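Q: Provided below: upload.txt, containing compact mmCIF, C-alpha atoms.
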# COMPACT_ATOMS: atom_id res chain seq x y z
CA MET Q 1 -6.00 -38.30 2.21
CA GLU Q 2 -7.97 -35.14 3.05
CA TYR Q 3 -7.07 -31.88 1.31
CA ASN Q 4 -8.82 -28.94 -0.34
CA LYS Q 5 -9.45 -30.23 -3.86
CA ARG Q 6 -10.74 -26.91 -5.20
CA LEU Q 7 -7.61 -25.20 -3.92
CA PHE Q 8 -5.46 -27.94 -5.45
CA ASP Q 9 -7.15 -27.53 -8.85
CA SER Q 10 -6.77 -23.75 -8.74
CA CYS Q 11 -3.06 -24.06 -7.96
CA LYS Q 12 -2.61 -26.69 -10.64
CA ALA Q 13 -4.12 -24.31 -13.23
CA ILE Q 14 -1.76 -21.54 -12.08
CA LYS Q 15 1.20 -23.94 -12.35
CA GLU Q 16 0.21 -24.81 -15.91
CA LYS Q 17 -0.10 -21.12 -16.78
CA TYR Q 18 3.28 -20.44 -15.14
CA ASP Q 19 4.94 -23.16 -17.23
CA GLU Q 20 3.30 -21.80 -20.37
CA LEU Q 21 4.60 -18.29 -19.67
CA ASN Q 22 8.12 -19.61 -19.08
CA LYS Q 23 7.91 -21.45 -22.38
CA GLN Q 24 6.92 -18.18 -24.10
CA LEU Q 25 10.01 -16.50 -22.74
CA GLU Q 26 12.22 -19.31 -24.02
CA THR Q 27 10.72 -19.75 -27.48
CA ALA Q 28 9.16 -16.45 -28.57
CA ALA Q 29 10.63 -13.04 -29.36
CA LEU Q 30 8.17 -10.90 -27.42
CA PRO Q 31 7.77 -7.13 -27.81
CA MET Q 32 8.98 -5.14 -24.81
CA SER Q 33 5.48 -4.33 -23.52
CA GLN Q 34 4.44 -7.99 -23.61
CA LEU Q 35 7.76 -9.12 -22.15
CA LYS Q 36 7.21 -6.77 -19.22
CA GLU Q 37 3.71 -8.17 -18.64
CA VAL Q 38 4.88 -11.81 -18.83
CA ASN Q 39 7.65 -11.15 -16.31
CA LYS Q 40 5.16 -9.41 -14.04
CA GLN Q 41 2.84 -12.43 -14.12
CA LEU Q 42 5.72 -14.83 -13.51
CA LYS Q 43 6.85 -12.80 -10.51
CA HIS Q 44 3.31 -12.83 -9.11
CA HIS Q 45 2.74 -16.57 -9.65
CA LYS Q 46 6.16 -17.85 -8.59
CA PRO Q 47 5.48 -17.97 -4.80
CA ILE Q 48 2.18 -19.79 -5.44
CA VAL Q 49 3.85 -22.32 -7.74
CA GLU Q 50 6.62 -22.97 -5.21
CA LYS Q 51 4.09 -23.56 -2.43
CA PHE Q 52 2.01 -25.77 -4.73
CA ILE Q 53 4.99 -28.00 -5.51
CA THR Q 54 5.48 -28.56 -1.77
CA TYR Q 55 1.72 -29.00 -1.31
CA LYS Q 56 1.46 -31.59 -4.08
CA LYS Q 57 4.42 -33.54 -2.71
CA LEU Q 58 2.85 -33.68 0.75
CA ILE Q 59 -0.40 -34.97 -0.73
CA ASP Q 60 1.42 -37.58 -2.85
CA ASP Q 61 3.49 -38.70 0.15
CA GLY Q 62 0.39 -38.90 2.32
CA GLN Q 63 -1.46 -41.01 -0.24
CA GLN Q 64 1.54 -43.35 -0.52
CA ASP Q 65 1.65 -43.69 3.26
CA GLU Q 66 -2.06 -44.57 3.31
CA LYS Q 67 -1.52 -47.26 0.69
CA LEU Q 68 1.46 -48.61 2.60
CA LEU Q 69 -0.64 -48.88 5.78
CA GLU Q 70 -3.22 -50.92 3.89
CA HIS Q 71 -0.79 -53.53 2.57
CA GLU Q 72 2.45 -53.40 4.56
CA LYS Q 73 3.18 -56.16 7.11
CA ASN Q 74 6.50 -54.84 8.44
CA GLN Q 75 5.71 -53.20 11.77
CA ASP Q 76 8.69 -50.80 11.65
CA LEU Q 77 7.61 -49.47 8.24
CA ILE Q 78 4.05 -49.16 9.48
CA GLU Q 79 5.16 -47.05 12.44
CA LEU Q 80 7.28 -44.80 10.21
CA ALA Q 81 4.38 -44.35 7.79
CA LYS Q 82 2.02 -43.48 10.66
CA MET Q 83 4.43 -40.86 12.00
CA GLU Q 84 4.97 -39.31 8.58
CA LEU Q 85 1.23 -39.33 7.82
CA GLU Q 86 0.47 -37.60 11.10
CA GLU Q 87 3.00 -34.84 10.31
CA ILE Q 88 1.56 -34.44 6.81
CA LYS Q 89 -1.98 -34.08 8.17
CA ILE Q 90 -0.78 -31.27 10.43
CA SER Q 91 1.25 -29.56 7.68
CA ILE Q 92 -1.38 -29.58 4.93
CA PRO Q 93 -3.92 -27.17 6.56
CA ARG Q 94 -1.12 -24.75 7.42
CA LEU Q 95 0.19 -24.85 3.87
CA GLU Q 96 -3.32 -24.37 2.51
CA ASP Q 97 -3.68 -21.21 4.60
CA ASP Q 98 -0.35 -19.93 3.24
CA ILE Q 99 -1.50 -20.60 -0.32
CA LYS Q 100 -4.85 -18.90 0.26
CA ILE Q 101 -3.03 -15.75 1.35
CA LEU Q 102 -0.98 -15.84 -1.84
CA LEU Q 103 -4.18 -16.28 -3.86
CA LEU Q 104 -5.85 -13.23 -2.35
CA PRO Q 105 -6.75 -10.56 -4.93
CA VAL Q 106 -3.91 -8.09 -5.30
CA ASP Q 107 -4.55 -4.38 -5.46
CA PRO Q 108 -3.22 -3.46 -8.92
CA ASN Q 109 -1.77 -0.28 -7.44
CA ASN Q 110 0.26 -2.01 -4.70
CA GLU Q 111 3.56 -1.75 -6.56
CA LYS Q 112 3.06 1.88 -7.54
CA ASN Q 113 4.75 4.91 -6.08
CA VAL Q 114 2.47 7.35 -4.27
CA ILE Q 115 1.57 10.99 -4.01
CA ILE Q 116 0.58 12.10 -0.51
CA GLU Q 117 -1.32 15.21 0.48
CA MET Q 118 -1.27 16.36 4.11
CA ARG Q 119 -3.29 19.25 5.54
CA PRO Q 120 -4.25 20.58 8.97
CA ALA Q 121 -7.94 20.13 9.77
CA ALA Q 122 -9.26 20.97 13.26
CA GLY Q 123 -7.07 22.58 15.90
CA GLY Q 124 -5.48 25.65 14.33
CA ASP Q 125 -1.74 26.12 14.81
CA GLU Q 126 -1.33 22.82 16.64
CA ALA Q 127 -2.71 20.96 13.60
CA SER Q 128 -0.20 22.75 11.35
CA ILE Q 129 2.58 21.69 13.68
CA PHE Q 130 1.45 18.07 13.61
CA VAL Q 131 1.38 18.05 9.80
CA ALA Q 132 5.09 18.88 9.96
CA ASP Q 133 5.69 16.29 12.71
CA LEU Q 134 3.95 13.46 10.87
CA PHE Q 135 5.64 14.43 7.62
CA ASP Q 136 8.98 14.01 9.43
CA THR Q 137 7.79 10.58 10.61
CA TYR Q 138 7.03 9.56 7.02
CA GLN Q 139 10.47 10.77 5.95
CA ARG Q 140 12.12 8.60 8.61
CA TYR Q 141 9.97 5.61 7.67
CA ALA Q 142 10.86 6.12 4.00
CA ASP Q 143 14.56 6.15 4.92
CA LYS Q 144 14.15 2.81 6.73
CA GLN Q 145 12.41 1.36 3.65
CA LYS Q 146 15.08 2.84 1.33
CA TRP Q 147 12.39 4.89 -0.42
CA LYS Q 148 12.87 8.41 -1.74
CA ILE Q 149 10.67 11.40 -0.90
CA LYS Q 150 10.38 14.47 -3.11
CA ILE Q 151 8.31 17.53 -2.19
CA MET Q 152 5.97 18.58 -5.01
CA ASP Q 153 4.31 21.57 -3.39
CA ILE Q 154 4.38 23.03 0.11
CA SER Q 155 3.07 26.01 2.04
CA THR Q 156 4.55 26.82 5.43
CA ASN Q 157 3.51 29.18 8.19
CA ALA Q 158 5.09 30.40 11.41
CA HIS Q 159 4.15 27.16 13.19
CA GLY Q 160 4.15 24.33 10.65
CA TYR Q 161 2.61 23.48 7.28
CA ASP Q 162 -0.57 24.78 5.66
CA TYR Q 163 -0.24 21.81 3.31
CA VAL Q 164 2.39 19.59 1.75
CA PHE Q 165 2.26 17.43 -1.38
CA PHE Q 166 5.06 14.94 -1.90
CA ASN Q 167 5.74 11.77 -3.81
CA VAL Q 168 7.34 8.62 -2.44
CA THR Q 169 9.19 6.26 -4.78
CA GLY Q 170 10.53 2.78 -4.08
CA GLN Q 171 9.46 -0.83 -3.82
CA ASP Q 172 5.80 -1.60 -3.02
CA VAL Q 173 5.17 1.88 -1.64
CA TYR Q 174 1.39 2.01 -2.13
CA SER Q 175 0.88 -1.42 -0.53
CA LYS Q 176 2.11 0.05 2.78
CA MET Q 177 1.36 3.74 2.63
CA LYS Q 178 -2.28 3.30 1.53
CA PHE Q 179 -3.17 2.58 5.16
CA GLU Q 180 -2.19 6.16 6.10
CA SER Q 181 -5.18 7.70 4.29
CA GLY Q 182 -7.60 9.30 6.70
CA VAL Q 183 -7.89 11.59 9.69
CA HIS Q 184 -5.03 11.51 12.20
CA ARG Q 185 -5.84 12.86 15.67
CA VAL Q 186 -3.20 14.20 18.06
CA GLN Q 187 -3.66 14.82 21.77
CA ARG Q 188 -0.94 16.81 23.53
CA VAL Q 189 -0.13 20.00 25.41
CA PRO Q 190 0.74 22.75 22.91
CA LEU Q 191 3.86 24.81 23.56
CA THR Q 192 1.63 27.89 23.78
CA GLU Q 193 -0.58 26.32 26.49
CA SER Q 194 0.38 27.99 29.79
CA LYS Q 195 -1.91 25.89 31.99
CA GLY Q 196 -0.73 22.51 30.73
CA ARG Q 197 -4.07 21.46 29.26
CA VAL Q 198 -4.18 18.72 26.65
CA HIS Q 199 -5.57 19.88 23.29
CA THR Q 200 -7.00 17.68 20.54
CA SER Q 201 -6.25 18.47 16.89
CA THR Q 202 -6.62 16.64 13.60
CA ILE Q 203 -4.93 16.54 10.22
CA THR Q 204 -5.92 14.79 6.99
CA VAL Q 205 -3.71 12.51 4.91
CA SER Q 206 -4.64 11.43 1.39
CA VAL Q 207 -2.54 8.73 -0.33
CA MET Q 208 -2.89 8.33 -4.09
CA PRO Q 209 -1.04 5.94 -6.42
CA GLU Q 210 1.24 7.73 -8.87
CA PHE Q 211 0.53 7.30 -12.57
CA ASP Q 212 2.45 8.02 -15.74
CA GLU Q 213 0.98 9.75 -18.76
CA VAL Q 214 0.86 6.40 -20.56
CA ASP Q 215 -1.73 5.22 -18.00
CA PHE Q 216 -4.21 7.82 -19.20
CA LYS Q 217 -5.03 9.09 -22.67
CA LEU Q 218 -5.40 12.81 -22.08
CA ASN Q 219 -6.35 15.13 -24.89
CA PRO Q 220 -3.78 17.98 -24.92
CA SER Q 221 -6.58 20.41 -25.77
CA ASP Q 222 -8.18 19.53 -22.41
CA LEU Q 223 -5.19 20.95 -20.54
CA ARG Q 224 -4.45 24.58 -19.75
CA ILE Q 225 -0.85 25.06 -18.64
CA ASP Q 226 0.14 28.31 -16.96
CA LYS Q 227 3.66 29.32 -15.99
CA TYR Q 228 4.27 31.76 -13.19
CA ARG Q 229 6.68 32.91 -10.49
CA SER Q 230 5.98 31.36 -7.12
CA GLY Q 231 5.89 33.57 -4.08
CA GLY Q 232 4.71 33.87 -0.49
CA ALA Q 233 5.98 32.10 2.59
CA GLY Q 234 8.16 29.13 2.20
CA GLY Q 235 11.74 29.97 3.02
CA GLN Q 236 14.17 27.81 1.11
CA HIS Q 237 11.30 26.17 -0.78
CA VAL Q 238 10.36 29.36 -2.62
CA ASN Q 239 11.21 29.11 -6.30
CA ARG Q 240 12.48 32.53 -7.40
CA THR Q 241 12.36 32.04 -11.17
CA ASP Q 242 9.42 31.93 -13.58
CA SER Q 243 9.45 28.14 -13.60
CA ALA Q 244 6.37 27.26 -11.53
CA VAL Q 245 3.68 25.39 -13.44
CA ARG Q 246 -0.08 25.20 -12.93
CA ILE Q 247 -2.12 22.68 -14.94
CA THR Q 248 -5.90 22.77 -15.25
CA HIS Q 249 -7.79 19.75 -16.56
CA ILE Q 250 -10.71 21.57 -18.18
CA PRO Q 251 -13.25 18.66 -18.35
CA THR Q 252 -13.02 17.93 -14.61
CA GLY Q 253 -11.92 21.33 -13.32
CA ILE Q 254 -8.99 19.71 -11.47
CA VAL Q 255 -6.16 22.20 -10.87
CA VAL Q 256 -2.66 21.25 -9.72
CA ALA Q 257 0.54 23.22 -9.34
CA CYS Q 258 4.22 22.56 -8.77
CA SER Q 259 6.97 25.07 -8.01
CA GLN Q 260 9.65 23.05 -6.25
CA GLU Q 261 11.92 22.29 -9.20
CA ARG Q 262 14.32 24.65 -10.94
CA SER Q 263 12.97 24.26 -14.46
CA GLN Q 264 9.55 24.45 -16.08
CA ILE Q 265 10.09 21.00 -17.59
CA GLU Q 266 10.67 19.40 -14.20
CA ASN Q 267 7.76 21.24 -12.62
CA ARG Q 268 5.49 20.25 -15.48
CA GLU Q 269 6.47 16.61 -15.03
CA MET Q 270 5.72 16.70 -11.31
CA ALA Q 271 2.45 18.58 -11.84
CA MET Q 272 1.35 16.00 -14.43
CA LYS Q 273 1.97 13.19 -11.96
CA LEU Q 274 -0.21 14.95 -9.41
CA LEU Q 275 -2.88 15.66 -12.02
CA LEU Q 276 -3.02 12.03 -13.13
CA SER Q 277 -3.39 10.84 -9.53
CA ARG Q 278 -6.21 13.33 -9.02
CA ILE Q 279 -7.89 12.08 -12.20
CA TRP Q 280 -7.57 8.52 -10.84
CA GLU Q 281 -9.43 9.71 -7.74
CA LYS Q 282 -12.15 11.14 -9.95
CA LEU Q 283 -12.44 7.89 -11.93
CA GLU Q 284 -12.67 5.90 -8.71
CA GLN Q 285 -15.35 8.24 -7.50
CA ASP Q 286 -17.38 7.80 -10.69
CA ARG Q 287 -16.88 4.01 -10.72
CA THR Q 288 -18.00 3.40 -7.14
CA ASP Q 289 -21.59 4.50 -6.60
CA SER Q 290 -21.47 3.74 -2.90
CA ILE Q 291 -18.67 6.27 -2.39
CA ALA Q 292 -19.74 9.81 -3.17
CA ASN Q 293 -16.17 11.00 -3.21
CA LEU Q 294 -13.12 8.75 -2.74
CA ARG Q 295 -10.97 11.47 -1.31
CA LYS Q 296 -13.66 12.47 1.16
CA SER Q 297 -13.99 8.82 2.18
CA GLN Q 298 -10.26 8.82 2.89
CA VAL Q 299 -10.02 12.04 4.84
CA GLY Q 300 -13.61 12.82 5.84
CA THR Q 301 -14.29 16.34 7.01
CA GLY Q 302 -11.34 16.48 9.38
CA ASP Q 303 -13.68 16.64 12.37
CA ARG Q 304 -12.20 15.41 15.66
CA SER Q 305 -14.77 12.60 15.88
CA GLU Q 306 -13.58 11.10 12.59
CA LYS Q 307 -10.21 9.43 12.89
CA ILE Q 308 -8.26 6.40 11.85
CA ARG Q 309 -5.52 6.89 14.43
CA THR Q 310 -4.88 8.79 17.66
CA TYR Q 311 -1.47 9.95 18.87
CA ASN Q 312 -1.64 10.59 22.63
CA TYR Q 313 1.57 12.28 23.76
CA PRO Q 314 0.97 12.42 27.55
CA GLN Q 315 0.47 8.64 27.61
CA ASN Q 316 3.07 7.88 24.90
CA ARG Q 317 0.29 5.93 23.18
CA VAL Q 318 -0.85 5.34 19.59
CA THR Q 319 -4.20 3.73 18.80
CA ASP Q 320 -5.28 2.64 15.33
CA HIS Q 321 -9.06 2.66 15.59
CA ARG Q 322 -9.67 0.54 12.48
CA ILE Q 323 -8.28 -2.59 14.12
CA GLY Q 324 -8.29 -1.61 17.80
CA LEU Q 325 -4.49 -1.72 18.02
CA THR Q 326 -2.88 0.24 20.87
CA LEU Q 327 0.89 0.61 21.26
CA ASN Q 328 2.57 2.42 24.15
CA LYS Q 329 5.56 3.54 22.12
CA LEU Q 330 4.55 6.80 20.47
CA ASP Q 331 8.11 8.11 20.77
CA GLN Q 332 9.43 5.20 18.66
CA ILE Q 333 6.61 5.44 16.12
CA MET Q 334 7.22 9.15 15.53
CA GLN Q 335 10.84 8.24 14.78
CA GLY Q 336 9.59 6.26 11.79
CA SER Q 337 8.92 2.84 13.37
CA LEU Q 338 5.59 2.29 11.59
CA ASP Q 339 6.12 -1.37 10.65
CA GLU Q 340 4.18 -2.83 13.58
CA ILE Q 341 1.10 -0.77 12.75
CA ILE Q 342 1.30 -1.33 8.98
CA ASP Q 343 1.95 -5.07 9.38
CA ALA Q 344 -1.13 -5.37 11.63
CA LEU Q 345 -3.27 -3.48 9.11
CA THR Q 346 -1.96 -5.69 6.29
CA ALA Q 347 -2.81 -8.82 8.29
CA ASP Q 348 -6.30 -7.47 8.98
CA GLU Q 349 -6.79 -6.81 5.27
CA GLN Q 350 -5.71 -10.38 4.51
CA VAL Q 351 -8.18 -11.82 7.03
CA ARG Q 352 -11.00 -9.78 5.49
CA LEU Q 353 -10.08 -10.82 1.96
CA MET Q 354 -9.69 -14.44 3.10
CA SER Q 355 -13.28 -14.47 4.32
CA GLU Q 356 -14.35 -13.45 0.81
CA LEU Q 357 -12.19 -16.05 -0.93
CA LYS Q 358 -14.37 -18.82 -2.40
CA ILE Q 359 -11.86 -21.67 -2.15
Hey, can you dump this file as structure tokens for me?

A:
Amino acid sequence: MEYNKRLFDSCKAIKEKYDELNKQLETAALPMSQLKEVNKQLKHHKPIVEKFITYKKLIDDGQQDEKLLEHEKNQDLIELAKMELEEIKISIPRLEDDIKILLLPVDPNNEKNVIIEMRPAAGGDEASIFVADLFDTYQRYADKQKWKIKIMDISTNAHGYDYVFFNVTGQDVYSKMKFESGVHRVQRVPLTESKGRVHTSTITVSVMPEFDEVDFKLNPSDLRIDKYRSGGAGGQHVNRTDSAVRITHIPTGIVVACSQERSQIENREMAMKLLLSRIWEKLEQDRTDSIANLRKSQVGTGDRSEKIRTYNYPQNRVTDHRIGLTLNKLDQIMQGSLDEIIDALTADEQVRLMSELKI
């Protein structure tokens, strides 16, 4: 009976670990932090264990069929065994592929909420307008996913947004939204264009996992916290009390601000979340020598030639350049129907990781 023995052994070890963790839950009084970690591991391993049980049964059944074919004289039983063995031989490779996908390394940030920064890059007013348009798309997509969006900081102008920071909370947000990091290019006729010429503009999107203060040990003396009254353009978003908060992380020089909430406490909490995500970026930058700056690798310079995706309005077309995917349904996508693009990017990531999997 042919099957991937290394894969089988890996799954068997995971099954044994899974059973051991379940036993811990039943017999030991675990502290809350450890209980949370055990449940997290059980949740992660459960799909693999369930597939392995099916996988092992197929192998056992196939081996029994092979033995039966060696010794059985009854022709009817022989024919049944042959048919079952043929089905098993077809099913096993498919199941092995499913298991390999489940065994792929998981980004530890996949389950985290995110903080997203959007800014116009090349194209002037039209870029500002598209920041607002794409932000609306993300809001619609979040609604479909039953996620919640909260604006952390925003600056508006007569046409659109100078920038917007917002956090998205819900289930597995980073695992989907991480693919939005980069330069987004839009091609369309601006409302101010009298001759009907198509203009090209770009905006940058940076997606960062959201962290809590427990994820980082910050020295309070390394923080300078200033409170001020926000002002300037912004319409209903302007906070008219002295509750805005600016936090400076002195060792790195990172500065963040939040003025969207009504109290200093709430603004401080939101600003800390943004600060911690920015510090994560800095740590990633320091840890990866091949990337001079993680955020720059995500958004580049904003030049028109750098892009992850193009939105062509005259042709109702969206192209994701990372995987060569083109969809002629821009109108639907801008209404928040991003699943087809994100699912394709997820599948591409799985294929790449699969090629690196040594099983």

Q: Write out as a ChimeraX atom specification the residues lying within 7 Å of Tyr163 of chain Q, counting all atoms listed in the file and excluding same-chain residues fewer than 3 positions away.

A: /Q:118-119,154-155

Q: State, in Å with one decimal place, the distance from atom CA of Arg322 of chain Q to atom CA of Ala121 of chain Q.

A: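 It comes out at 19.9 Å.
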
Q: Find the spatial neighbours of segment 42-56 of chain Q, counting all atoms listed in the file, within a cut-off of 6 Å - ignore same-chain residues fewer than 3 positions away - and output them as a ChimeraX atom specification.

A: /Q:15,39,59

Q: Have a look at Q:Met272, Q:Ala142, Q:Ile359, Q:Met354 and name the one nearest to Cys11 of chain Q; count only C-alpha atoms.

A: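 Distance minimum relative to Cys11 of chain Q lands on Q:Ile359.
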
Q: How far is it from atom CA of Ile101 of chain Q to atom CA of Ala347 of chain Q, in Å with one decimal?

A: 9.8 Å

Q: Hey, can you pull every residue with an atom no more than 12 Å from (-12.2, 18.2, -11.9), using only C-alpha atoms, and send it as a PyMOL selection string?

A: chain Q and resi 222-223+247-256+275-283+285-286+293

Q: Find, counting all atoms listed in the file, the residue in Q:Asn4, Q:Asn22, Q:Thr137, Q:Ser128 that gets nearest to Thr202 of chain Q.

A: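 Among Q:Asn4, Q:Asn22, Q:Thr137, Q:Ser128, it is Q:Ser128 that comes nearest to Thr202 of chain Q.
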
Q: How many Å lie between atom CA of Glu269 of chain Q and atom CA of Met177 of chain Q, rounded to one decimal?

A: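 Separation of atom CA of Glu269 of chain Q and atom CA of Met177 of chain Q: 22.4 Å.
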
Q: Counting only C-alpha atoms, which residue out of Q:Thr169, Q:Leu58, Q:Val106, Q:Ile99 sits closest to Gln41 of chain Q?

A: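 For Gln41 of chain Q, the nearest of the candidates is Q:Val106.
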
Q: Would you pick out the contacts of Asp153 of chain Q at 8 Å or less, using only C-alpha atoms, so that residues sharing its chain but fewer than 2 positions from it are not included, and give the list as number ranges by chain?

A: Q: 151, 155, 164-166, 257-260

Q: Which one is closest to Glu126 of chain Q: Q:Leu102, Q:Ile92, Q:Ile203, Q:Ile341? Count all atoms listed in the file.

A: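 Looking only at the distances to Glu126 of chain Q, the closest residue turns out to be Q:Ile203.
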
Q: So which one's closest to Arg246 of chain Q, Q:Tyr228, Q:Val351, Q:Pro105, Q:Arg262? Using all atoms listed in the file, please.

A: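 The shortest atom-to-atom distance to Arg246 of chain Q comes from Q:Tyr228.
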
Q: Measuring atom to atom with only C-alpha atoms, identify which of Q:Leu103, Q:Ile88, Q:Ile78, Q:Leu134 is nearest to Gly336 of chain Q.

A: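 Closest residue, counting only C-alpha atoms: Q:Leu134.
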
Q: Residues at most 9 Å from Ser337 of chain Q, counting only C-alpha atoms, excluding those fewer than 6 positions away in the same chain, as a list in words?

A: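 These residues fall inside the cut-off: Thr137, Arg140, Tyr141 and Lys144 of chain Q.
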
Q: Dump segment 58-65 of chain Q with all heavy atoms to a file, as a tab-separated table (two decimals), in the first residue's frame.

A:
chain	number	residue	atom	x	y	z
Q	58	LEU	N	-8.08	4.82	5.79
Q	58	LEU	CA	-7.92	4.46	4.37
Q	58	LEU	C	-6.71	3.55	4.18
Q	58	LEU	O	-6.78	2.55	3.43
Q	58	LEU	CB	-7.74	5.73	3.53
Q	58	LEU	CG	-8.99	6.53	3.17
Q	58	LEU	CD1	-8.61	7.78	2.39
Q	58	LEU	CD2	-9.97	5.69	2.36
Q	59	ILE	N	-5.61	3.89	4.83
Q	59	ILE	CA	-4.40	3.06	4.71
Q	59	ILE	C	-4.65	1.66	5.27
Q	59	ILE	O	-4.30	0.65	4.66
Q	59	ILE	CB	-3.21	3.74	5.43
Q	59	ILE	CG1	-2.83	5.03	4.70
Q	59	ILE	CG2	-2.01	2.80	5.50
Q	59	ILE	CD1	-1.86	5.90	5.44
Q	60	ASP	N	-5.26	1.59	6.47
Q	60	ASP	CA	-5.56	0.29	7.08
Q	60	ASP	C	-6.49	-0.53	6.18
Q	60	ASP	O	-6.26	-1.74	5.96
Q	60	ASP	CB	-6.22	0.49	8.45
Q	60	ASP	CG	-5.25	1.05	9.47
Q	60	ASP	OD1	-4.03	0.97	9.23
Q	60	ASP	OD2	-5.71	1.57	10.51
Q	61	ASP	N	-7.52	0.11	5.63
Q	61	ASP	CA	-8.46	-0.60	4.75
Q	61	ASP	C	-7.75	-1.08	3.49
Q	61	ASP	O	-7.99	-2.20	3.01
Q	61	ASP	CB	-9.63	0.31	4.37
Q	61	ASP	CG	-10.56	0.58	5.54
Q	61	ASP	OD1	-10.45	-0.13	6.57
Q	61	ASP	OD2	-11.41	1.50	5.44
Q	62	GLY	N	-6.87	-0.24	2.96
Q	62	GLY	CA	-6.14	-0.62	1.75
Q	62	GLY	C	-5.22	-1.80	1.99
Q	62	GLY	O	-5.13	-2.71	1.15
Q	63	GLN	N	-4.56	-1.80	3.14
Q	63	GLN	CA	-3.66	-2.91	3.47
Q	63	GLN	C	-4.46	-4.20	3.68
Q	63	GLN	O	-4.01	-5.30	3.27
Q	63	GLN	CB	-2.85	-2.56	4.71
Q	63	GLN	CG	-1.81	-1.49	4.45
Q	63	GLN	CD	-1.11	-1.01	5.72
Q	63	GLN	OE1	-1.62	-1.18	6.83
Q	63	GLN	NE2	0.06	-0.42	5.56
Q	64	GLN	N	-5.63	-4.10	4.28
Q	64	GLN	CA	-6.49	-5.28	4.45
Q	64	GLN	C	-6.96	-5.81	3.10
Q	64	GLN	O	-7.00	-7.04	2.89
Q	64	GLN	CB	-7.69	-4.93	5.33
Q	64	GLN	CG	-7.35	-4.70	6.79
Q	64	GLN	CD	-8.56	-4.31	7.63
Q	64	GLN	OE1	-9.69	-4.34	7.14
Q	64	GLN	NE2	-8.32	-3.96	8.88
Q	65	ASP	N	-7.31	-4.90	2.20
Q	65	ASP	CA	-7.73	-5.32	0.85
Q	65	ASP	C	-6.59	-6.04	0.13
Q	65	ASP	O	-6.81	-7.04	-0.58
Q	65	ASP	CB	-8.19	-4.12	0.03
Q	65	ASP	CG	-9.55	-3.60	0.49
Q	65	ASP	OD1	-10.32	-4.38	1.09
Q	65	ASP	OD2	-9.84	-2.41	0.26
